[in-house]
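model_35.csv (CSV, C-alpha atoms) appears below.
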```
chain,number,residue,atom,x,y,z
D,1210,VAL,CA,9.7,-8.1,1.4
D,1211,TRP,CA,13.2,-8.5,2.9
D,1212,ASP,CA,15.3,-5.5,3.6
D,1213,SER,CA,18.8,-4.9,4.9
D,1214,PRO,CA,21.6,-2.4,4.3
D,1215,ARG,CA,23.2,-4.8,1.8
D,1216,PHE,CA,20.3,-6.6,0.1
D,1217,VAL,CA,16.8,-5.5,-0.9
D,1218,ILE,CA,14.0,-7.4,-2.5
D,1219,TYR,CA,10.7,-5.7,-3.5
D,1220,LYS,CA,7.6,-7.4,-4.8
D,1221,ILE,CA,7.4,-5.3,-8.0
D,1222,ALA,CA,3.8,-6.1,-8.7
D,1223,ASP,CA,2.6,-4.5,-5.5
D,1224,ILE,CA,3.9,-1.0,-6.3
D,1225,ASP,CA,1.1,0.0,-8.6
D,1226,SER,CA,-1.6,-1.6,-6.4
D,1227,GLU,CA,-0.6,0.1,-3.2
D,1228,LEU,CA,-2.6,3.1,-2.2
D,1229,SER,CA,-0.8,6.4,-2.1
D,1230,LEU,CA,-0.7,8.5,1.0
D,1231,ALA,CA,-3.3,10.8,-0.5
D,1232,GLU,CA,-5.6,7.9,-1.2
D,1233,LYS,CA,-5.2,6.6,2.3
D,1234,GLN,CA,-6.1,10.0,3.7
D,1235,VAL,CA,-9.2,10.1,1.5
D,1236,ALA,CA,-10.2,6.6,2.5
D,1237,LEU,CA,-10.1,7.6,6.2
D,1238,ARG,CA,-11.8,10.9,5.6
D,1239,ILE,CA,-14.7,9.0,3.8
D,1240,ALA,CA,-15.0,6.5,6.7
D,1241,ARG,CA,-15.0,9.3,9.3
D,1242,GLN,CA,-17.6,11.4,7.4
D,1243,VAL,CA,-19.9,8.3,7.0
D,1244,ILE,CA,-19.6,7.5,10.7
D,1245,SER,CA,-20.0,11.0,11.9
D,1246,THR,CA,-23.1,11.8,9.7
D,1247,LEU,CA,-24.8,8.6,10.8
D,1248,LEU,CA,-24.2,9.2,14.5
D,1249,LEU,CA,-25.1,12.9,14.4
D,1250,ASP,CA,-27.9,13.1,11.9
D,1251,GLY,CA,-29.0,9.5,11.5
D,1252,ARG,CA,-28.4,9.7,7.7
D,1253,LYS,CA,-26.6,7.0,5.8
D,1254,LEU,CA,-24.3,8.4,3.1
D,1255,GLU,CA,-24.0,6.3,-0.1
D,1256,ALA,CA,-20.9,5.6,-2.0
D,1257,ALA,CA,-22.2,7.8,-4.9
D,1258,HIS,CA,-21.9,10.8,-2.5
D,1259,PHE,CA,-18.1,10.6,-2.9
D,1260,TYR,CA,-17.9,9.9,-6.6
D,1261,PRO,CA,-17.4,13.6,-7.6
D,1262,LEU,CA,-14.5,13.9,-5.0
D,1263,LEU,CA,-12.8,10.8,-6.3
D,1264,ARG,CA,-13.1,11.8,-9.9
D,1265,GLU,CA,-11.9,15.3,-9.2
D,1266,LYS,CA,-8.8,13.8,-7.4
D,1267,LYS,CA,-8.3,11.2,-10.2
D,1268,MET,CA,-8.4,8.2,-7.8
D,1269,PRO,CA,-9.5,5.3,-9.9
D,1270,LYS,CA,-8.4,2.7,-7.4
D,1271,PHE,CA,-11.5,3.5,-5.3
D,1272,PHE,CA,-13.6,2.0,-8.1
D,1273,GLU,CA,-11.7,-1.3,-8.1
D,1274,PRO,CA,-13.0,-4.4,-6.1
D,1275,ARG,CA,-11.2,-4.4,-2.8
D,1276,ALA,CA,-12.5,-5.7,0.5
D,1277,VAL,CA,-12.1,-3.4,3.5
D,1278,ASP,CA,-12.3,-3.5,7.3
D,1279,VAL,CA,-13.1,-0.3,9.2
D,1280,THR,CA,-12.1,-0.3,12.9
D,1281,ILE,CA,-13.0,2.4,15.4
D,1282,TRP,CA,-10.7,2.9,18.4
D,1283,ASN,CA,-11.2,5.0,21.5
D,1284,ASP,CA,-8.8,5.4,24.4
D,1285,GLY,CA,-6.8,2.4,23.2
D,1286,GLN,CA,-9.8,0.1,23.0
D,1287,VAL,CA,-11.6,-1.3,20.0
D,1288,ARG,CA,-15.1,0.1,19.8
D,1289,ALA,CA,-16.1,-1.6,16.5
D,1290,SER,CA,-14.7,-3.5,13.6
D,1291,ARG,CA,-16.6,-4.5,10.5
D,1292,ILE,CA,-15.6,-5.9,7.1
D,1293,SER,CA,-17.3,-5.3,3.8
D,1294,GLN,CA,-16.3,-7.4,0.8
D,1295,ASN,CA,-18.9,-7.2,-2.0
D,1296,GLY,CA,-18.2,-4.1,-3.9
D,1297,SER,CA,-15.6,-1.5,-5.0
D,1298,LEU,CA,-13.2,0.0,-2.5
D,1299,VAL,CA,-15.3,3.1,-1.9
D,1300,GLU,CA,-18.5,1.1,-1.6
D,1301,ASN,CA,-16.9,-1.2,0.9
D,1302,ILE,CA,-15.4,1.7,2.9
D,1303,VAL,CA,-18.9,3.2,3.2
D,1304,GLN,CA,-20.6,-0.1,4.0
D,1305,ALA,CA,-18.0,-1.1,6.6
D,1306,ALA,CA,-18.2,2.3,8.2
D,1307,ILE,CA,-22.0,2.1,8.4
D,1308,ASN,CA,-21.8,-1.4,9.9
D,1309,ALA,CA,-19.2,-0.3,12.4
D,1310,THR,CA,-21.6,2.2,13.9
D,1311,HIS,CA,-23.8,-0.7,15.2
D,1312,ASP,CA,-21.3,-3.6,15.9
D,1313,VAL,CA,-23.4,-5.7,18.2
D,1314,ARG,CA,-20.3,-7.2,19.9
D,1315,PHE,CA,-19.6,-3.8,21.6
D,1316,PHE,CA,-21.6,-1.2,23.4
D,1317,PRO,CA,-23.3,1.2,21.0
D,1318,LEU,CA,-21.3,4.1,19.7
D,1319,GLY,CA,-22.4,7.5,20.9
D,1320,LYS,CA,-22.1,10.9,19.2
D,1321,ASN,CA,-20.0,12.1,22.1
D,1322,GLU,CA,-17.3,9.7,20.9
D,1323,ILE,CA,-16.8,11.2,17.5
D,1324,GLU,CA,-14.1,13.7,18.5
D,1325,ASP,CA,-12.0,11.2,20.4
D,1326,MET,CA,-12.3,8.2,18.1
D,1327,ILE,CA,-9.5,7.0,15.9
D,1328,ILE,CA,-10.3,5.2,12.6
D,1329,GLU,CA,-8.3,2.4,11.2
D,1330,ALA,CA,-8.8,1.0,7.7
D,1331,ILE,CA,-7.5,-2.4,6.5
D,1332,VAL,CA,-7.7,-2.9,2.7
D,1333,PHE,CA,-7.4,-6.4,1.4
D,1334,LYS,CA,-5.0,-7.0,-1.5
D,1335,ASN,CA,-7.0,-10.0,-2.9
D,1336,ASP,CA,-3.9,-12.2,-3.2
D,1337,TYR,CA,-5.1,-15.2,-1.2
D,1338,ALA,CA,-2.6,-18.1,-1.0
D,1339,PRO,CA,-3.1,-21.5,0.7
D,1340,LEU,CA,-1.4,-22.0,4.1
D,1341,THR,CA,0.6,-25.2,3.6
D,1342,GLY,CA,1.1,-28.0,6.1
D,1343,ASP,CA,4.8,-27.0,6.4
D,1344,MET,CA,3.8,-23.5,7.4
D,1345,ILE,CA,1.3,-24.8,10.0
D,1346,ALA,CA,4.1,-27.2,11.4
D,1347,ALA,CA,6.5,-24.3,11.6
D,1348,ASN,CA,3.9,-22.7,14.0
D,1349,LEU,CA,4.9,-19.1,13.4
D,1350,ILE,CA,2.5,-16.2,13.0
D,1351,ASP,CA,3.1,-13.5,10.4
D,1352,PRO,CA,1.6,-10.4,12.1
D,1353,LEU,CA,1.5,-8.5,8.8
D,1354,LYS,CA,-1.0,-10.9,7.1
D,1355,GLY,CA,-4.6,-11.8,7.3
D,1356,TYR,CA,-5.8,-15.3,7.7
D,1357,ARG,CA,-9.0,-16.9,6.4
D,1358,VAL,CA,-10.7,-20.2,7.0
D,1359,THR,CA,-13.3,-21.7,4.8
D,1360,GLN,CA,-15.2,-25.0,5.3
D,1361,GLY,CA,-18.4,-25.5,3.5
D,1362,ASP,CA,-20.5,-22.4,4.1
D,1363,ARG,CA,-18.5,-21.4,7.2
D,1364,LYS,CA,-15.9,-18.7,6.9
D,1365,ALA,CA,-14.0,-16.4,9.2
D,1366,ILE,CA,-11.1,-13.9,8.9
D,1367,PHE,CA,-8.5,-12.7,11.3
D,1368,LEU,CA,-6.8,-9.4,10.4
D,1369,PRO,CA,-3.5,-8.0,11.8
D,1370,GLU,CA,-5.4,-5.9,14.4
D,1371,VAL,CA,-6.3,-9.2,16.1
D,1372,PHE,CA,-2.7,-9.7,17.1
D,1373,VAL,CA,-2.8,-6.4,19.0
D,1374,ILE,CA,-6.1,-7.1,20.7
D,1375,ALA,CA,-5.5,-10.7,21.8
D,1376,LYS,CA,-2.1,-12.2,22.1
D,1377,ARG,CA,-1.7,-15.6,20.4
D,1378,GLU,CA,1.2,-17.9,21.5
D,1379,ASN,CA,1.7,-19.4,18.1
D,1380,LEU,CA,0.1,-20.1,14.7
D,1381,GLN,CA,-1.8,-23.1,15.8
D,1382,THR,CA,-3.4,-21.2,18.7
D,1383,LEU,CA,-4.3,-18.5,16.3
D,1384,LEU,CA,-5.9,-21.0,13.8
D,1385,ALA,CA,-7.8,-22.6,16.6
D,1386,GLY,CA,-9.3,-19.2,17.5
D,1387,LEU,CA,-10.1,-18.6,13.8
D,1388,CYS,CA,-11.9,-22.0,13.6
D,1389,GLN,CA,-13.9,-21.1,16.7
D,1390,LYS,CA,-14.8,-17.7,15.1
D,1391,ALA,CA,-16.2,-19.7,12.1
D,1392,GLY,CA,-18.2,-21.9,14.4
D,1393,LEU,CA,-16.0,-24.9,13.7
D,1394,GLU,CA,-14.0,-27.3,15.8
D,1395,ASP,CA,-10.7,-26.0,17.2
D,1396,LYS,CA,-8.6,-28.3,15.0
D,1397,CYS,CA,-10.6,-27.6,11.8
D,1398,TYR,CA,-7.4,-26.1,10.3
D,1399,LEU,CA,-6.1,-29.6,9.7
D,1400,ILE,CA,-8.8,-30.3,7.1
D,1401,ALA,CA,-10.4,-26.9,6.3
D,1402,GLN,CA,-9.1,-24.5,3.6
D,1403,ILE,CA,-6.8,-22.0,5.3
D,1404,GLU,CA,-5.5,-19.0,3.4
D,1405,VAL,CA,-3.2,-16.1,4.0
D,1406,PHE,CA,-3.4,-12.7,2.3
D,1407,ASP,CA,-1.7,-9.3,2.3
D,1408,VAL,CA,-3.3,-6.1,3.5
D,1409,GLU,CA,-2.7,-2.4,3.6
D,1410,ASP,CA,-3.2,-1.3,7.2
D,1411,PHE,CA,-3.4,2.4,8.1
D,1412,ILE,CA,-4.8,4.6,10.8
D,1413,GLU,CA,-5.5,8.2,11.5
D,1414,ASP,CA,-2.9,10.2,13.3
D,1415,ALA,CA,-3.6,12.2,16.5
D,1416,SER,CA,-4.8,15.2,14.4
D,1417,ARG,CA,-7.3,13.0,12.5
D,1418,SER,CA,-6.0,14.6,9.3
D,1419,ASP,CA,-3.2,12.3,8.2
D,1420,ALA,CA,-2.8,8.6,7.6
D,1421,VAL,CA,-0.2,6.5,9.3
D,1422,LYS,CA,0.9,3.2,7.8
D,1423,LEU,CA,0.8,0.2,10.2
D,1424,SER,CA,3.1,-2.8,10.1
D,1425,GLY,CA,1.5,-5.1,12.6
D,1426,PRO,CA,1.1,-2.9,15.7
D,1427,VAL,CA,4.0,-0.6,14.7
D,1428,ALA,CA,3.5,2.7,12.9
D,1429,VAL,CA,5.7,3.2,9.9
D,1430,LEU,CA,6.9,6.5,8.5
D,1431,SER,CA,4.9,6.9,5.3
D,1432,GLU,CA,6.5,7.4,1.9
D,1433,ASP,CA,4.9,7.1,-1.5
D,1434,PHE,CA,6.8,4.4,-3.4
D,1435,SER,CA,7.8,5.5,-6.9
D,1436,PRO,CA,9.9,3.8,-9.5
D,1437,LYS,CA,12.7,6.4,-8.8
D,1438,LEU,CA,12.6,5.6,-5.1
D,1439,LEU,CA,12.7,1.8,-5.9
D,1440,GLU,CA,15.7,2.3,-8.2
D,1441,LYS,CA,17.5,4.3,-5.5
D,1442,ARG,CA,16.9,1.6,-2.9
D,1443,LEU,CA,18.1,-1.1,-5.3
D,1444,ARG,CA,21.3,0.9,-6.1
D,1445,LEU,CA,22.0,1.4,-2.4
D,1446,ALA,CA,21.7,-2.3,-1.9
```
Could you render the structure as structure tokens?
Amino acid sequence: VWDSPRFVIYKIADIDSELSLAEKQVALRIARQVISTLLLDGRKLEAAHFYPLLREKKMPKFFEPRAVDVTIWNDGQVRASRISQNGSLVENIVQAAINATHDVRFFPLGKNEIEDMIIEAIVFKNDYAPLTGDMIAANLIDPLKGYRVTQGDRKAIFLPEVFVIAKRENLQTLLAGLCQKAGLEDKCYLIAQIEVFDVEDFIEDASRSDAVKLSGPVAVLSEDFSPKLLEKRLRLA
């Protein structure tokens, strides 16, 4: 997407696949309920628990296959971040939220953190595209995209939140870190399969009741994109 006062281009195919503001709010509410219930009561909620709510609200996108990362923040620090990929959107939200409550890379979450924690969700758009040699040579990071390396049975993913947590000087430095995460040599990106993909990144606001869209580390004023709004923007251009 490239946008200026005189010229606007939108990827039309993405409009229907984007989650609405209401859907993002529900996604975060599901993640919070799963995490809170597990920390307080030790019970694991299943995706089926939320089916009546999703059907009542007529939200069929939650039953489509979409990978999800659920990240828990507290006082500006990441407390957990886990990805779930094998299921529908609602199934992956639930599983990622459960996994995030015992992310072994961090100190265990405590029930006393529930009130202060902020939940972020990153939904994959399943539009993986190869990273070309020219892109690697240009050595520029796109902070709005996810990166995935695959070599044999080794895989690893970096999501936009990584660019907030750990600064990377350039794309090759980022790819070296991605290779390390997969347990591969630093320069594996020269021979391994490297892909980029789009994500929808959103986070709870301070009240924990609304969803704020993220563009890299920057919060964006949310607006549900409709065909009428698209036509208006194109006419203004």
Can you tell me, as a list in words, what residues are no more than 8 Å from region 1380-1388 of chain D when counting all atoms listed in the file, ignoring any on the same chain fewer than 3 positions away?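 Selected residues are Ile1345, Asn1348, Leu1349, Ile1350, Arg1357, Val1358, Ala1365, Ile1366, Phe1367, Arg1377, Ala1391, Gly1392, Leu1393, Glu1394, Asp1395, Lys1396, Cys1397 and Tyr1398 of chain D.
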Could you write out that same residue set with C-alpha atoms as a PDB file, in the frame of the given file?
```pdb
ATOM      1  CA  ILE D1345       1.300 -24.800  10.000  1.00  0.00           C
ATOM      2  CA  ASN D1348       3.900 -22.700  14.000  1.00  0.00           C
ATOM      3  CA  LEU D1349       4.900 -19.100  13.400  1.00  0.00           C
ATOM      4  CA  ILE D1350       2.500 -16.200  13.000  1.00  0.00           C
ATOM      5  CA  ARG D1357      -9.000 -16.900   6.400  1.00  0.00           C
ATOM      6  CA  VAL D1358     -10.700 -20.200   7.000  1.00  0.00           C
ATOM      7  CA  ALA D1365     -14.000 -16.400   9.200  1.00  0.00           C
ATOM      8  CA  ILE D1366     -11.100 -13.900   8.900  1.00  0.00           C
ATOM      9  CA  PHE D1367      -8.500 -12.700  11.300  1.00  0.00           C
ATOM     10  CA  ARG D1377      -1.700 -15.600  20.400  1.00  0.00           C
ATOM     11  CA  ALA D1391     -16.200 -19.700  12.100  1.00  0.00           C
ATOM     12  CA  GLY D1392     -18.200 -21.900  14.400  1.00  0.00           C
ATOM     13  CA  LEU D1393     -16.000 -24.900  13.700  1.00  0.00           C
ATOM     14  CA  GLU D1394     -14.000 -27.300  15.800  1.00  0.00           C
ATOM     15  CA  ASP D1395     -10.700 -26.000  17.200  1.00  0.00           C
ATOM     16  CA  LYS D1396      -8.600 -28.300  15.000  1.00  0.00           C
ATOM     17  CA  CYS D1397     -10.600 -27.600  11.800  1.00  0.00           C
ATOM     18  CA  TYR D1398      -7.400 -26.100  10.300  1.00  0.00           C
TER      19      TYR D1398
END
```
What's around Gly1319 (chain D) at 10 Å? Count only C-alpha atoms, leave out sequence neighbours fewer than 4 positions away in its own chain, and write the answer as an MDAnalysis selection string. chainID D and resid 1245 1248:1249 1310 1323
Test item: residues at most 8 Å from Glu1232 (chain D), only C-alpha atoms, excluding those fewer than 4 positions along its chain, as an MDAnalysis selection string: chainID D and resid 1228 1236 1268
Choose the residue, out of D:Glu1322, D:Ile1281, D:Ala1347, D:Ile1239, that has the smallest atom-to-atom separation from Glu1300 (chain D); count all atoms listed in the file.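 Smallest distance to Glu1300 (chain D) is found for D:Ile1239.
What separates CA of Asp1278 (chain D) from CA of Leu1399 (chain D) is a distance of 26.9 Å.
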My list of candidates is D:Ala1256, D:Val1313, D:Leu1318, D:Asn1283. Which is closest to Val1299 (chain D) when distances are computed with only C-alpha atoms?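 With only C-alpha atoms as the atom set, the closest residue is D:Ala1256.
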Go through region 1368-1401 of chain D and flag each residue having an atom no more than 9 Å from region 1324-1338 of chain D; for those, report the closest pair of atoms plus their distance in Å to one decimal, using only C-alpha atoms, ordered by chain and rising number, as CSV.
```
residue,atom,partner,partner_atom,distance
D:Leu1368,CA,D:Ile1331,CA,8.0
D:Pro1369,CA,D:Ile1331,CA,8.7
D:Glu1370,CA,D:Ile1331,CA,8.9
```
Taking (-13.2, -0.3, 15.1) as a centre in this file's frame and 7 Å as the limit, can you find every polymer residue with an atom that close, using all atoms listed in the file, and give them as a list in words?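 Result, sorted by chain then residue number: Val1279, Thr1280, Ile1281, Trp1282, Val1287, Arg1288, Ala1289, Ser1290, Ala1309, Ile1328 and Glu1329 of chain D.
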What does the distance between CA of Val1405 (chain D) and CA of Gln1234 (chain D) come to in Å, to one decimal place? 26.3 Å
Go ahead and compute the interatomic distance for CA of Glu1404 (chain D) and CA of Val1421 (chain D), in Å to one decimal. 26.7 Å
From the options D:Leu1353, D:Arg1264, D:Arg1291, D:Lys1390, which residue's atoms come nearest to Phe1315 (chain D), counting all atoms listed in the file?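 Checking each of D:Leu1353, D:Arg1264, D:Arg1291, D:Lys1390 against Phe1315 (chain D), counting all atoms listed in the file, the winner is D:Arg1291.
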Which of these, D:Glu1265, D:Glu1227, D:Glu1413, D:Glu1378, has the shortest distance to Ala1240 (chain D) once you count all atoms listed in the file?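 Comparing D:Glu1265, D:Glu1227, D:Glu1413, D:Glu1378 against Ala1240 (chain D), the winner is D:Glu1413.
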